[in-house]
file protein-v9.txt (compact mmCIF, N, CA and C atoms)
# COMPACT_ATOMS: atom_id res chain seq x y z
N MET A 1 17.34 5.78 6.73
CA MET A 1 17.43 6.30 5.40
C MET A 1 16.07 6.91 5.06
N PRO A 2 15.88 8.17 5.38
CA PRO A 2 14.57 8.78 5.17
C PRO A 2 14.25 8.98 3.69
N ARG A 3 12.97 8.90 3.43
CA ARG A 3 12.48 9.19 2.08
C ARG A 3 12.41 10.70 1.92
N GLN A 4 12.67 11.15 0.74
CA GLN A 4 12.48 12.56 0.41
C GLN A 4 11.32 12.64 -0.56
N GLN A 5 10.29 13.35 -0.15
CA GLN A 5 9.14 13.51 -1.02
C GLN A 5 9.49 14.50 -2.13
N ILE A 6 9.18 14.12 -3.35
CA ILE A 6 9.42 14.98 -4.51
C ILE A 6 8.09 15.61 -4.91
N VAL A 7 8.08 16.92 -5.02
CA VAL A 7 6.86 17.65 -5.38
C VAL A 7 7.20 18.59 -6.53
N SER A 8 6.41 18.52 -7.58
CA SER A 8 6.58 19.42 -8.73
C SER A 8 5.32 20.25 -8.89
N ASP A 9 5.51 21.54 -9.08
CA ASP A 9 4.35 22.40 -9.32
C ASP A 9 3.81 22.23 -10.75
N ARG A 10 4.47 21.39 -11.53
CA ARG A 10 4.00 21.11 -12.89
C ARG A 10 3.09 19.88 -12.93
N ILE A 11 2.84 19.28 -11.74
CA ILE A 11 1.98 18.11 -11.61
C ILE A 11 0.88 18.47 -10.61
N GLY A 12 -0.34 18.03 -10.88
CA GLY A 12 -1.43 18.27 -9.95
C GLY A 12 -1.19 17.60 -8.61
N GLU A 13 -1.78 18.16 -7.55
CA GLU A 13 -1.66 17.59 -6.22
C GLU A 13 -2.30 16.21 -6.17
N PRO A 14 -1.74 15.27 -5.41
CA PRO A 14 -2.35 13.95 -5.30
C PRO A 14 -3.77 14.04 -4.74
N SER A 15 -4.64 13.18 -5.24
CA SER A 15 -6.03 13.17 -4.79
C SER A 15 -6.24 12.26 -3.59
N GLY A 16 -5.21 11.56 -3.17
CA GLY A 16 -5.30 10.65 -2.04
C GLY A 16 -4.02 10.70 -1.23
N HIS A 17 -3.82 9.68 -0.40
CA HIS A 17 -2.65 9.62 0.48
C HIS A 17 -1.50 8.95 -0.25
N PHE A 18 -0.83 9.72 -1.09
CA PHE A 18 0.36 9.24 -1.79
C PHE A 18 1.17 10.43 -2.26
N SER A 19 2.43 10.18 -2.59
CA SER A 19 3.34 11.22 -3.07
C SER A 19 3.41 11.17 -4.59
N GLN A 20 3.72 12.31 -5.19
CA GLN A 20 3.99 12.34 -6.63
C GLN A 20 5.18 11.45 -6.94
N ALA A 21 6.19 11.54 -6.10
CA ALA A 21 7.40 10.73 -6.23
C ALA A 21 8.15 10.76 -4.91
N ASN A 22 9.02 9.78 -4.72
CA ASN A 22 9.89 9.71 -3.55
C ASN A 22 11.32 9.46 -4.01
N ALA A 23 12.27 10.07 -3.35
CA ALA A 23 13.68 9.78 -3.59
C ALA A 23 14.21 9.07 -2.35
N ILE A 24 14.96 8.01 -2.59
CA ILE A 24 15.52 7.23 -1.49
C ILE A 24 16.95 6.89 -1.84
N GLU A 25 17.85 7.21 -0.94
CA GLU A 25 19.24 6.83 -1.15
C GLU A 25 19.31 5.31 -1.07
N ALA A 26 19.80 4.67 -2.09
CA ALA A 26 19.72 3.21 -2.21
C ALA A 26 20.84 2.50 -1.48
N ARG A 27 20.83 2.61 -0.17
CA ARG A 27 21.71 1.82 0.69
C ARG A 27 20.82 1.00 1.58
N GLY A 28 21.02 -0.26 1.59
CA GLY A 28 20.16 -1.12 2.38
C GLY A 28 19.65 -2.25 1.52
N ARG A 29 18.53 -2.80 1.95
CA ARG A 29 17.96 -3.94 1.24
C ARG A 29 16.63 -3.54 0.60
N PHE A 30 16.47 -3.92 -0.65
CA PHE A 30 15.18 -3.76 -1.30
C PHE A 30 14.33 -4.97 -0.95
N VAL A 31 13.08 -4.72 -0.58
CA VAL A 31 12.14 -5.80 -0.29
C VAL A 31 10.94 -5.61 -1.20
N PHE A 32 10.64 -6.63 -1.98
CA PHE A 32 9.52 -6.61 -2.91
C PHE A 32 8.41 -7.47 -2.33
N ILE A 33 7.32 -6.83 -1.94
CA ILE A 33 6.22 -7.52 -1.28
C ILE A 33 5.16 -7.86 -2.32
N SER A 34 4.85 -9.13 -2.42
CA SER A 34 3.84 -9.60 -3.37
C SER A 34 2.47 -9.00 -3.04
N GLY A 35 1.57 -9.13 -3.98
CA GLY A 35 0.22 -8.61 -3.77
C GLY A 35 -0.42 -9.21 -2.53
N MET A 36 -0.79 -8.35 -1.61
CA MET A 36 -1.46 -8.76 -0.38
C MET A 36 -2.94 -8.41 -0.48
N THR A 37 -3.77 -9.32 -0.01
CA THR A 37 -5.22 -9.13 -0.02
C THR A 37 -5.72 -9.06 1.41
N SER A 38 -7.00 -9.28 1.58
CA SER A 38 -7.60 -9.27 2.91
C SER A 38 -7.66 -10.68 3.52
N LYS A 39 -6.85 -11.58 3.01
CA LYS A 39 -6.80 -12.95 3.54
C LYS A 39 -6.08 -12.96 4.87
N ARG A 40 -6.74 -13.50 5.89
CA ARG A 40 -6.14 -13.60 7.23
C ARG A 40 -5.20 -14.80 7.29
N ALA A 41 -4.41 -14.85 8.35
CA ALA A 41 -3.45 -15.94 8.54
C ALA A 41 -4.13 -17.31 8.57
N ASP A 42 -5.39 -17.37 9.04
CA ASP A 42 -6.10 -18.65 9.10
C ASP A 42 -6.77 -19.02 7.78
N GLY A 43 -6.58 -18.18 6.74
CA GLY A 43 -7.11 -18.48 5.43
C GLY A 43 -8.47 -17.89 5.13
N THR A 44 -9.14 -17.33 6.14
CA THR A 44 -10.43 -16.70 5.91
C THR A 44 -10.24 -15.30 5.34
N ILE A 45 -11.29 -14.75 4.77
CA ILE A 45 -11.24 -13.42 4.18
C ILE A 45 -11.90 -12.43 5.13
N ALA A 46 -11.18 -11.37 5.46
CA ALA A 46 -11.72 -10.33 6.34
C ALA A 46 -12.66 -9.44 5.54
N GLY A 47 -13.71 -8.97 6.18
CA GLY A 47 -14.55 -7.93 5.60
C GLY A 47 -15.25 -8.28 4.31
N MET A 48 -15.92 -9.38 4.27
CA MET A 48 -16.64 -9.76 3.05
C MET A 48 -17.57 -8.62 2.62
N GLY A 49 -17.33 -8.08 1.43
CA GLY A 49 -18.16 -7.00 0.90
C GLY A 49 -17.89 -5.63 1.51
N ASP A 50 -16.87 -5.50 2.35
CA ASP A 50 -16.59 -4.26 3.09
C ASP A 50 -15.19 -3.75 2.72
N ILE A 51 -15.13 -2.72 1.88
CA ILE A 51 -13.84 -2.21 1.40
C ILE A 51 -12.97 -1.68 2.53
N GLU A 52 -13.57 -1.07 3.54
CA GLU A 52 -12.76 -0.55 4.65
C GLU A 52 -12.10 -1.69 5.42
N ALA A 53 -12.86 -2.71 5.77
CA ALA A 53 -12.30 -3.85 6.51
C ALA A 53 -11.26 -4.59 5.67
N GLN A 54 -11.52 -4.75 4.37
CA GLN A 54 -10.55 -5.43 3.53
C GLN A 54 -9.28 -4.60 3.37
N THR A 55 -9.41 -3.29 3.27
CA THR A 55 -8.23 -2.42 3.16
C THR A 55 -7.40 -2.51 4.43
N ARG A 56 -8.07 -2.50 5.58
CA ARG A 56 -7.36 -2.59 6.86
C ARG A 56 -6.59 -3.90 6.97
N GLN A 57 -7.22 -5.02 6.63
CA GLN A 57 -6.54 -6.32 6.71
C GLN A 57 -5.39 -6.39 5.72
N MET A 58 -5.62 -5.86 4.51
CA MET A 58 -4.56 -5.84 3.51
C MET A 58 -3.35 -5.06 4.03
N CYS A 59 -3.59 -3.90 4.62
CA CYS A 59 -2.49 -3.10 5.17
C CYS A 59 -1.80 -3.83 6.32
N GLU A 60 -2.56 -4.53 7.15
CA GLU A 60 -1.96 -5.33 8.22
C GLU A 60 -1.06 -6.41 7.63
N ASN A 61 -1.47 -7.01 6.52
CA ASN A 61 -0.66 -8.04 5.87
C ASN A 61 0.62 -7.46 5.28
N VAL A 62 0.52 -6.30 4.66
CA VAL A 62 1.71 -5.61 4.13
C VAL A 62 2.65 -5.28 5.29
N LYS A 63 2.08 -4.79 6.38
CA LYS A 63 2.87 -4.45 7.57
C LYS A 63 3.59 -5.69 8.11
N ALA A 64 2.89 -6.81 8.19
CA ALA A 64 3.51 -8.05 8.67
C ALA A 64 4.66 -8.47 7.78
N ALA A 65 4.49 -8.32 6.47
CA ALA A 65 5.56 -8.72 5.54
C ALA A 65 6.79 -7.83 5.69
N VAL A 66 6.59 -6.51 5.75
CA VAL A 66 7.74 -5.61 5.85
C VAL A 66 8.43 -5.77 7.21
N GLU A 67 7.65 -6.01 8.27
CA GLU A 67 8.25 -6.23 9.58
C GLU A 67 9.01 -7.55 9.62
N ALA A 68 8.53 -8.59 8.94
CA ALA A 68 9.25 -9.87 8.87
C ALA A 68 10.59 -9.70 8.17
N ALA A 69 10.68 -8.70 7.30
CA ALA A 69 11.94 -8.41 6.60
C ALA A 69 12.84 -7.47 7.41
N GLY A 70 12.38 -7.05 8.59
CA GLY A 70 13.18 -6.18 9.44
C GLY A 70 12.91 -4.70 9.26
N GLY A 71 11.83 -4.35 8.59
CA GLY A 71 11.52 -2.94 8.32
C GLY A 71 10.24 -2.48 8.98
N THR A 72 9.83 -1.30 8.58
CA THR A 72 8.59 -0.70 9.07
C THR A 72 7.81 -0.16 7.87
N MET A 73 6.60 0.26 8.13
CA MET A 73 5.79 0.86 7.07
C MET A 73 6.44 2.11 6.51
N ALA A 74 7.25 2.79 7.31
CA ALA A 74 7.96 3.99 6.85
C ALA A 74 9.01 3.66 5.80
N ASP A 75 9.41 2.39 5.71
CA ASP A 75 10.40 1.97 4.72
C ASP A 75 9.79 1.69 3.35
N ILE A 76 8.48 1.62 3.28
CA ILE A 76 7.82 1.34 2.00
C ILE A 76 7.79 2.62 1.17
N CYS A 77 8.35 2.52 -0.02
CA CYS A 77 8.48 3.70 -0.88
C CYS A 77 7.51 3.70 -2.05
N ARG A 78 6.94 2.53 -2.39
CA ARG A 78 6.01 2.44 -3.52
C ARG A 78 5.00 1.34 -3.27
N VAL A 79 3.75 1.63 -3.64
CA VAL A 79 2.70 0.61 -3.61
C VAL A 79 1.92 0.65 -4.92
N ASP A 80 1.45 -0.51 -5.32
CA ASP A 80 0.53 -0.64 -6.45
C ASP A 80 -0.74 -1.27 -5.89
N VAL A 81 -1.85 -0.60 -6.09
CA VAL A 81 -3.12 -1.02 -5.52
C VAL A 81 -4.09 -1.36 -6.64
N TYR A 82 -4.74 -2.50 -6.48
CA TYR A 82 -5.72 -2.97 -7.45
C TYR A 82 -7.06 -3.08 -6.74
N VAL A 83 -8.10 -2.50 -7.32
CA VAL A 83 -9.42 -2.52 -6.70
C VAL A 83 -10.46 -3.00 -7.70
N LYS A 84 -11.53 -3.56 -7.15
CA LYS A 84 -12.64 -3.97 -8.01
C LYS A 84 -13.48 -2.77 -8.42
N ASP A 85 -13.52 -1.75 -7.53
CA ASP A 85 -14.41 -0.62 -7.75
C ASP A 85 -13.78 0.64 -7.18
N MET A 86 -13.63 1.64 -8.00
CA MET A 86 -13.00 2.91 -7.58
C MET A 86 -13.88 3.73 -6.63
N SER A 87 -15.11 3.34 -6.43
CA SER A 87 -15.98 4.14 -5.55
C SER A 87 -15.48 4.15 -4.10
N GLY A 88 -14.63 3.22 -3.73
CA GLY A 88 -14.09 3.18 -2.37
C GLY A 88 -12.81 3.98 -2.20
N PHE A 89 -12.43 4.77 -3.19
CA PHE A 89 -11.16 5.51 -3.18
C PHE A 89 -10.93 6.28 -1.87
N ASP A 90 -11.90 7.10 -1.46
CA ASP A 90 -11.72 7.91 -0.25
C ASP A 90 -11.57 7.05 1.00
N ILE A 91 -12.33 5.99 1.11
CA ILE A 91 -12.24 5.09 2.26
C ILE A 91 -10.86 4.42 2.28
N ILE A 92 -10.42 3.95 1.14
CA ILE A 92 -9.11 3.29 1.04
C ILE A 92 -8.00 4.24 1.51
N HIS A 93 -8.03 5.47 1.07
CA HIS A 93 -6.98 6.42 1.45
C HIS A 93 -7.09 6.85 2.91
N ARG A 94 -8.29 6.85 3.46
CA ARG A 94 -8.45 7.15 4.88
C ARG A 94 -7.76 6.06 5.70
N VAL A 95 -7.94 4.81 5.35
CA VAL A 95 -7.29 3.70 6.06
C VAL A 95 -5.78 3.75 5.83
N ARG A 96 -5.36 4.03 4.61
CA ARG A 96 -3.92 4.10 4.32
C ARG A 96 -3.22 5.13 5.19
N ARG A 97 -3.89 6.25 5.48
CA ARG A 97 -3.29 7.28 6.35
C ARG A 97 -2.95 6.73 7.73
N GLU A 98 -3.70 5.75 8.20
CA GLU A 98 -3.43 5.14 9.50
C GLU A 98 -2.17 4.28 9.48
N PHE A 99 -1.82 3.74 8.33
CA PHE A 99 -0.71 2.79 8.23
C PHE A 99 0.57 3.40 7.69
N PHE A 100 0.47 4.36 6.79
CA PHE A 100 1.65 4.90 6.13
C PHE A 100 1.96 6.29 6.66
N PRO A 101 3.08 6.43 7.39
CA PRO A 101 3.48 7.76 7.88
C PRO A 101 3.93 8.63 6.72
N GLY A 102 3.92 9.95 6.94
CA GLY A 102 4.38 10.87 5.91
C GLY A 102 5.89 10.87 5.81
N PRO A 103 6.43 11.15 4.66
CA PRO A 103 5.68 11.30 3.42
C PRO A 103 5.17 9.93 2.96
N PRO A 104 3.98 9.89 2.39
CA PRO A 104 3.43 8.60 1.96
C PRO A 104 4.19 8.06 0.75
N PRO A 105 4.04 6.77 0.50
CA PRO A 105 4.73 6.18 -0.65
C PRO A 105 4.15 6.67 -1.98
N ALA A 106 4.95 6.57 -3.02
CA ALA A 106 4.42 6.76 -4.38
C ALA A 106 3.44 5.62 -4.62
N SER A 107 2.41 5.88 -5.44
CA SER A 107 1.35 4.89 -5.55
C SER A 107 0.67 4.94 -6.91
N THR A 108 0.22 3.78 -7.33
CA THR A 108 -0.67 3.67 -8.48
C THR A 108 -1.87 2.85 -8.03
N MET A 109 -3.08 3.29 -8.40
CA MET A 109 -4.28 2.52 -8.12
C MET A 109 -5.05 2.34 -9.42
N VAL A 110 -5.41 1.10 -9.70
CA VAL A 110 -6.19 0.80 -10.90
C VAL A 110 -7.33 -0.15 -10.56
N ALA A 111 -8.42 -0.02 -11.31
CA ALA A 111 -9.54 -0.95 -11.17
C ALA A 111 -9.27 -2.15 -12.08
N VAL A 112 -9.57 -3.33 -11.57
CA VAL A 112 -9.35 -4.57 -12.32
C VAL A 112 -10.66 -5.36 -12.39
N SER A 113 -10.71 -6.30 -13.30
CA SER A 113 -11.95 -7.06 -13.48
C SER A 113 -12.09 -8.22 -12.50
N GLY A 114 -11.00 -8.65 -11.88
CA GLY A 114 -11.12 -9.76 -10.95
C GLY A 114 -9.83 -10.07 -10.22
N PHE A 115 -9.96 -10.88 -9.18
CA PHE A 115 -8.83 -11.31 -8.36
C PHE A 115 -8.80 -12.83 -8.31
N THR A 116 -7.88 -13.39 -7.55
CA THR A 116 -7.76 -14.84 -7.44
C THR A 116 -8.90 -15.47 -6.65
N HIS A 117 -9.66 -14.65 -5.93
CA HIS A 117 -10.86 -15.12 -5.24
C HIS A 117 -11.96 -14.10 -5.50
N PRO A 118 -13.17 -14.51 -5.79
CA PRO A 118 -14.22 -13.56 -6.15
C PRO A 118 -14.63 -12.60 -5.03
N ASP A 119 -14.29 -12.91 -3.77
CA ASP A 119 -14.67 -12.04 -2.66
C ASP A 119 -13.65 -10.96 -2.33
N TYR A 120 -12.48 -11.00 -2.95
CA TYR A 120 -11.50 -9.95 -2.73
C TYR A 120 -11.96 -8.67 -3.42
N LEU A 121 -11.77 -7.55 -2.73
CA LEU A 121 -12.12 -6.24 -3.28
C LEU A 121 -10.90 -5.39 -3.59
N ILE A 122 -9.73 -5.76 -3.00
CA ILE A 122 -8.53 -4.93 -3.09
C ILE A 122 -7.29 -5.78 -2.90
N GLU A 123 -6.20 -5.33 -3.51
CA GLU A 123 -4.90 -6.00 -3.36
C GLU A 123 -3.81 -4.94 -3.47
N MET A 124 -2.73 -5.13 -2.72
CA MET A 124 -1.61 -4.17 -2.74
C MET A 124 -0.27 -4.90 -2.80
N ALA A 125 0.57 -4.48 -3.76
CA ALA A 125 1.96 -4.91 -3.81
C ALA A 125 2.80 -3.73 -3.36
N ALA A 126 3.96 -3.98 -2.77
CA ALA A 126 4.76 -2.89 -2.21
C ALA A 126 6.25 -3.12 -2.42
N ILE A 127 6.99 -2.02 -2.42
CA ILE A 127 8.45 -2.05 -2.46
C ILE A 127 8.96 -1.24 -1.28
N ALA A 128 9.87 -1.84 -0.52
CA ALA A 128 10.48 -1.16 0.62
C ALA A 128 11.99 -1.13 0.43
N VAL A 129 12.61 -0.10 1.01
CA VAL A 129 14.06 -0.04 1.12
C VAL A 129 14.37 0.01 2.61
N ILE A 130 14.97 -1.08 3.11
CA ILE A 130 15.24 -1.19 4.54
C ILE A 130 16.71 -0.88 4.80
N PRO A 131 16.97 0.11 5.66
CA PRO A 131 18.37 0.49 5.93
C PRO A 131 19.16 -0.65 6.55
N ASP A 132 20.48 -0.66 6.25
CA ASP A 132 21.38 -1.65 6.86
C ASP A 132 21.52 -1.38 8.34
call {"tool": "encode", "arguments": {"input": "protein-v9.txt", "output": "structure tokens"}}
result
Amino acid sequence: MPRQQIVSDRIGEPSGHFSQANAIEARGRFVFISGMTSKRADGTIAGMGDIEAQTRQMCENVKAAVEAAGGTMADICRVDVYVKDMSGFDIIHRVRREFFPGPPPASTMVAVSGFTHPDYLIEMAAIAVIPD
């Protein structure tokens, strides 16, 4: 069930690796992935103070969750990203390009004042539609 990227010339081009909107025929299973951070399976935090390393681990965690549900990163249609500091925007999107095939998911990114652990720099929640 491929995603169809929606592009409007009445909206500015995305500044990062995301789509203005995606259309997905809703046959299959919706999977709602909770906010994933840079926490490794052993409980340690990857990339202390390093937004690139934390983004990579976070994406690996999202990938593990969608694969456990029987899907792939291509099935993810929307992500919400929370960051401590927007200065890492370009780095975050460079890493996202490695994980999310085109068309990329629709996305929102916002800066927040804190996370559940003071060493987290980024968190991502995702929605996937996995074909039957």
call {"tool": "closest_residue", "arguments": {"input": "protein-v9.txt", "among": "A:Ala106, A:Ala53, A:Val81, A:Ala23", "to": "Ile122 of chain A", "atoms": "only C-alpha atoms"}}
result
A:Val81
call {"tool": "closest_residue", "arguments": {"input": "protein-v9.txt", "among": "A:Gly35, A:Val95, A:Gly102, A:Arg10", "to": "Glu52 of chain A", "atoms": "only N, CA and C atoms"}}
result
A:Val95
call {"tool": "closest_residue", "arguments": {"input": "protein-v9.txt", "among": "A:Ile51, A:His117, A:Arg3, A:His17", "to": "Arg94 of chain A", "atoms": "only N, CA and C atoms"}}
result
A:His17
call {"tool": "atom_distance", "arguments": {"input": "protein-v9.txt", "atom1": "atom CA of Met86 of chain A", "atom2": "atom CA of Val7 of chain A"}}
result
24.8 Å
call {"tool": "atom_distance", "arguments": {"input": "protein-v9.txt", "atom1": "atom CA of Ser34 of chain A", "atom2": "atom CA of Tyr120 of chain A"}}
result
15.4 Å
call {"tool": "closest_residue", "arguments": {"input": "protein-v9.txt", "among": "A:Glu98, A:Asp75, A:Asp90, A:Asp85", "to": "Ile33 of chain A", "atoms": "only C-alpha atoms"}}
result
A:Asp75
call {"tool": "closest_residue", "arguments": {"input": "protein-v9.txt", "among": "A:Ala46, A:Ala65, A:Arg56, A:Ile76", "to": "Pro103 of chain A", "atoms": "only N, CA and C atoms"}}
result
A:Ile76
call {"tool": "closest_residue", "arguments": {"input": "protein-v9.txt", "among": "A:Thr37, A:Ser87, A:Asn22, A:Gln57", "to": "Ile127 of chain A", "atoms": "only C-alpha atoms"}}
result
A:Asn22
call {"tool": "residues_around", "arguments": {"input": "protein-v9.txt", "residues": "Val129 of chain A", "least_positions_apart": "6", "cutoff": "8 Å", "atoms": "all atoms listed in the file", "output": "ChimeraX atom specification"}}
result
/A:1,24-32,71-72,74-78
call {"tool": "axis_aligned_box", "arguments": {"input": "protein-v9.txt", "around": "segment 113-130 of chain A", "padding_each_side": "3 Å", "output": "AutoDock Vina command-line options"}}
result
--center_x 1.0 --center_y -7.7 --center_z -4.3 --size_x 37.4 --size_y 21.5 --size_z 24.3
call {"tool": "select_by_dssp", "arguments": {"input": "protein-v9.txt", "residues": "segment 23-119 of chain A", "states": "helix (DSSP H, G or I)", "output": "PyMOL selection string"}}
result
chain A and resi 51-68+73-75+86-99
call {"tool": "residues_near_point", "arguments": {"input": "protein-v9.txt", "point": "(-6.0, -9.1, -4.3)", "cutoff": "10 Å", "atoms": "only C-alpha atoms", "output": "list in words"}}
result
Ser34, Gly35, Met36, Thr37, Ser38, Lys39, Gln54, Met58, Val81, Tyr82, Val83, Lys84, Val112, Gly114, Phe115, Thr116, His117, Pro118, Asp119, Tyr120, Leu121, Ile122, Glu123, Met124 and Ala125 of chain A
call {"tool": "atom_distance", "arguments": {"input": "protein-v9.txt", "atom1": "atom CA of Ala21 of chain A", "atom2": "atom CA of Ser107 of chain A"}}
result
8.4 Å
call {"tool": "select_by_dssp", "arguments": {"input": "protein-v9.txt", "residues": "segment 4-110 of chain A", "states": "strand (DSSP E)", "output": "MDAnalysis selection string"}}
result
chainID A and resid 4:6 21:23 29:36 76:83 106:110
call {"tool": "decode", "arguments": {"input": "protein-v9.txt", "residues": "segment 30-115 of chain A", "atoms": "C-alpha atoms", "output": "short mmCIF file (atom, residue, chain, number, x, y, z; two decimals), in the first residue's frame"}}
result
data_model
loop_
_atom_site.label_atom_id
_atom_site.label_comp_id
_atom_site.auth_asym_id
_atom_site.auth_seq_id
_atom_site.Cartn_x
_atom_site.Cartn_y
_atom_site.Cartn_z
CA PHE A 30 -2.50 1.20 11.98
CA VAL A 31 0.48 1.07 14.33
CA PHE A 32 1.00 3.92 16.79
CA ILE A 33 4.59 4.01 18.00
CA SER A 34 5.18 5.76 21.31
CA GLY A 35 7.88 8.37 21.68
CA MET A 36 11.25 6.74 21.10
CA THR A 37 14.46 8.25 22.43
CA SER A 38 18.12 7.31 22.21
CA LYS A 39 17.74 4.71 24.98
CA ARG A 40 19.40 1.42 24.02
CA ALA A 41 17.95 -2.01 24.78
CA ASP A 42 20.33 -2.32 27.77
CA GLY A 43 18.95 0.91 29.27
CA THR A 44 21.96 3.11 28.52
CA ILE A 45 21.67 6.32 26.51
CA ALA A 46 23.44 6.48 23.15
CA GLY A 47 25.34 9.60 22.16
CA MET A 48 25.43 11.63 25.34
CA GLY A 49 25.45 15.26 24.14
CA ASP A 50 25.58 14.18 20.46
CA ILE A 51 22.43 14.94 18.44
CA GLU A 52 23.56 12.84 15.47
CA ALA A 53 24.20 9.72 17.56
CA GLN A 54 20.97 10.20 19.50
CA THR A 55 18.98 10.69 16.28
CA ARG A 56 20.48 7.52 14.82
CA GLN A 57 19.63 5.44 17.91
CA MET A 58 16.14 6.94 18.05
CA CYS A 59 15.55 5.97 14.41
CA GLU A 60 16.88 2.47 15.10
CA ASN A 61 14.36 2.20 17.95
CA VAL A 62 11.49 3.37 15.72
CA LYS A 63 12.65 0.87 13.09
CA ALA A 64 12.69 -1.95 15.67
CA ALA A 65 9.16 -1.08 16.78
CA VAL A 66 7.68 -0.96 13.26
CA GLU A 67 9.48 -4.19 12.30
CA ALA A 68 8.15 -5.91 15.46
CA ALA A 69 4.68 -4.98 14.19
CA GLY A 70 5.45 -6.60 10.81
CA GLY A 71 6.20 -3.42 8.87
CA THR A 72 9.08 -1.39 7.51
CA MET A 73 10.17 2.23 7.72
CA ALA A 74 8.40 2.75 4.38
CA ASP A 75 5.10 2.06 6.19
CA ILE A 76 5.53 5.04 8.51
CA CYS A 77 3.35 7.87 7.28
CA ARG A 78 3.72 10.44 10.10
CA VAL A 79 6.27 11.34 12.75
CA ASP A 80 6.27 13.89 15.54
CA VAL A 81 9.74 14.93 16.65
CA TYR A 82 10.61 16.73 19.85
CA VAL A 83 14.04 18.31 20.31
CA LYS A 84 15.80 20.22 23.04
CA ASP A 85 17.48 22.53 20.53
CA MET A 86 16.55 23.35 16.94
CA SER A 87 20.19 24.02 16.01
CA GLY A 88 20.54 20.31 15.13
CA PHE A 89 17.78 20.48 12.48
CA ASP A 90 20.05 19.81 9.48
CA ILE A 91 21.88 16.95 11.21
CA ILE A 92 18.59 15.36 12.29
CA HIS A 93 17.22 15.45 8.74
CA ARG A 94 20.47 14.09 7.29
CA VAL A 95 20.13 11.03 9.55
CA ARG A 96 16.41 10.72 8.81
CA ARG A 97 17.21 10.45 5.08
CA GLU A 98 19.14 7.26 5.86
CA PHE A 99 16.14 5.66 7.56
CA PHE A 100 13.05 6.94 5.75
CA PRO A 101 12.72 6.10 2.05
CA GLY A 102 10.91 8.51 -0.26
CA PRO A 103 8.39 9.83 -0.12
CA PRO A 104 9.24 10.76 3.47
CA PRO A 105 6.57 10.81 6.15
CA ALA A 106 4.61 13.91 7.09
CA SER A 107 6.31 15.44 10.10
CA THR A 108 6.16 18.00 12.85
CA MET A 109 9.23 19.06 14.82
CA VAL A 110 9.04 21.22 17.93
CA ALA A 111 11.52 22.32 20.59
CA VAL A 112 10.57 21.33 24.14
CA SER A 113 11.89 22.32 27.54
CA GLY A 114 12.65 18.80 28.74
CA PHE A 115 12.32 15.05 28.48
#
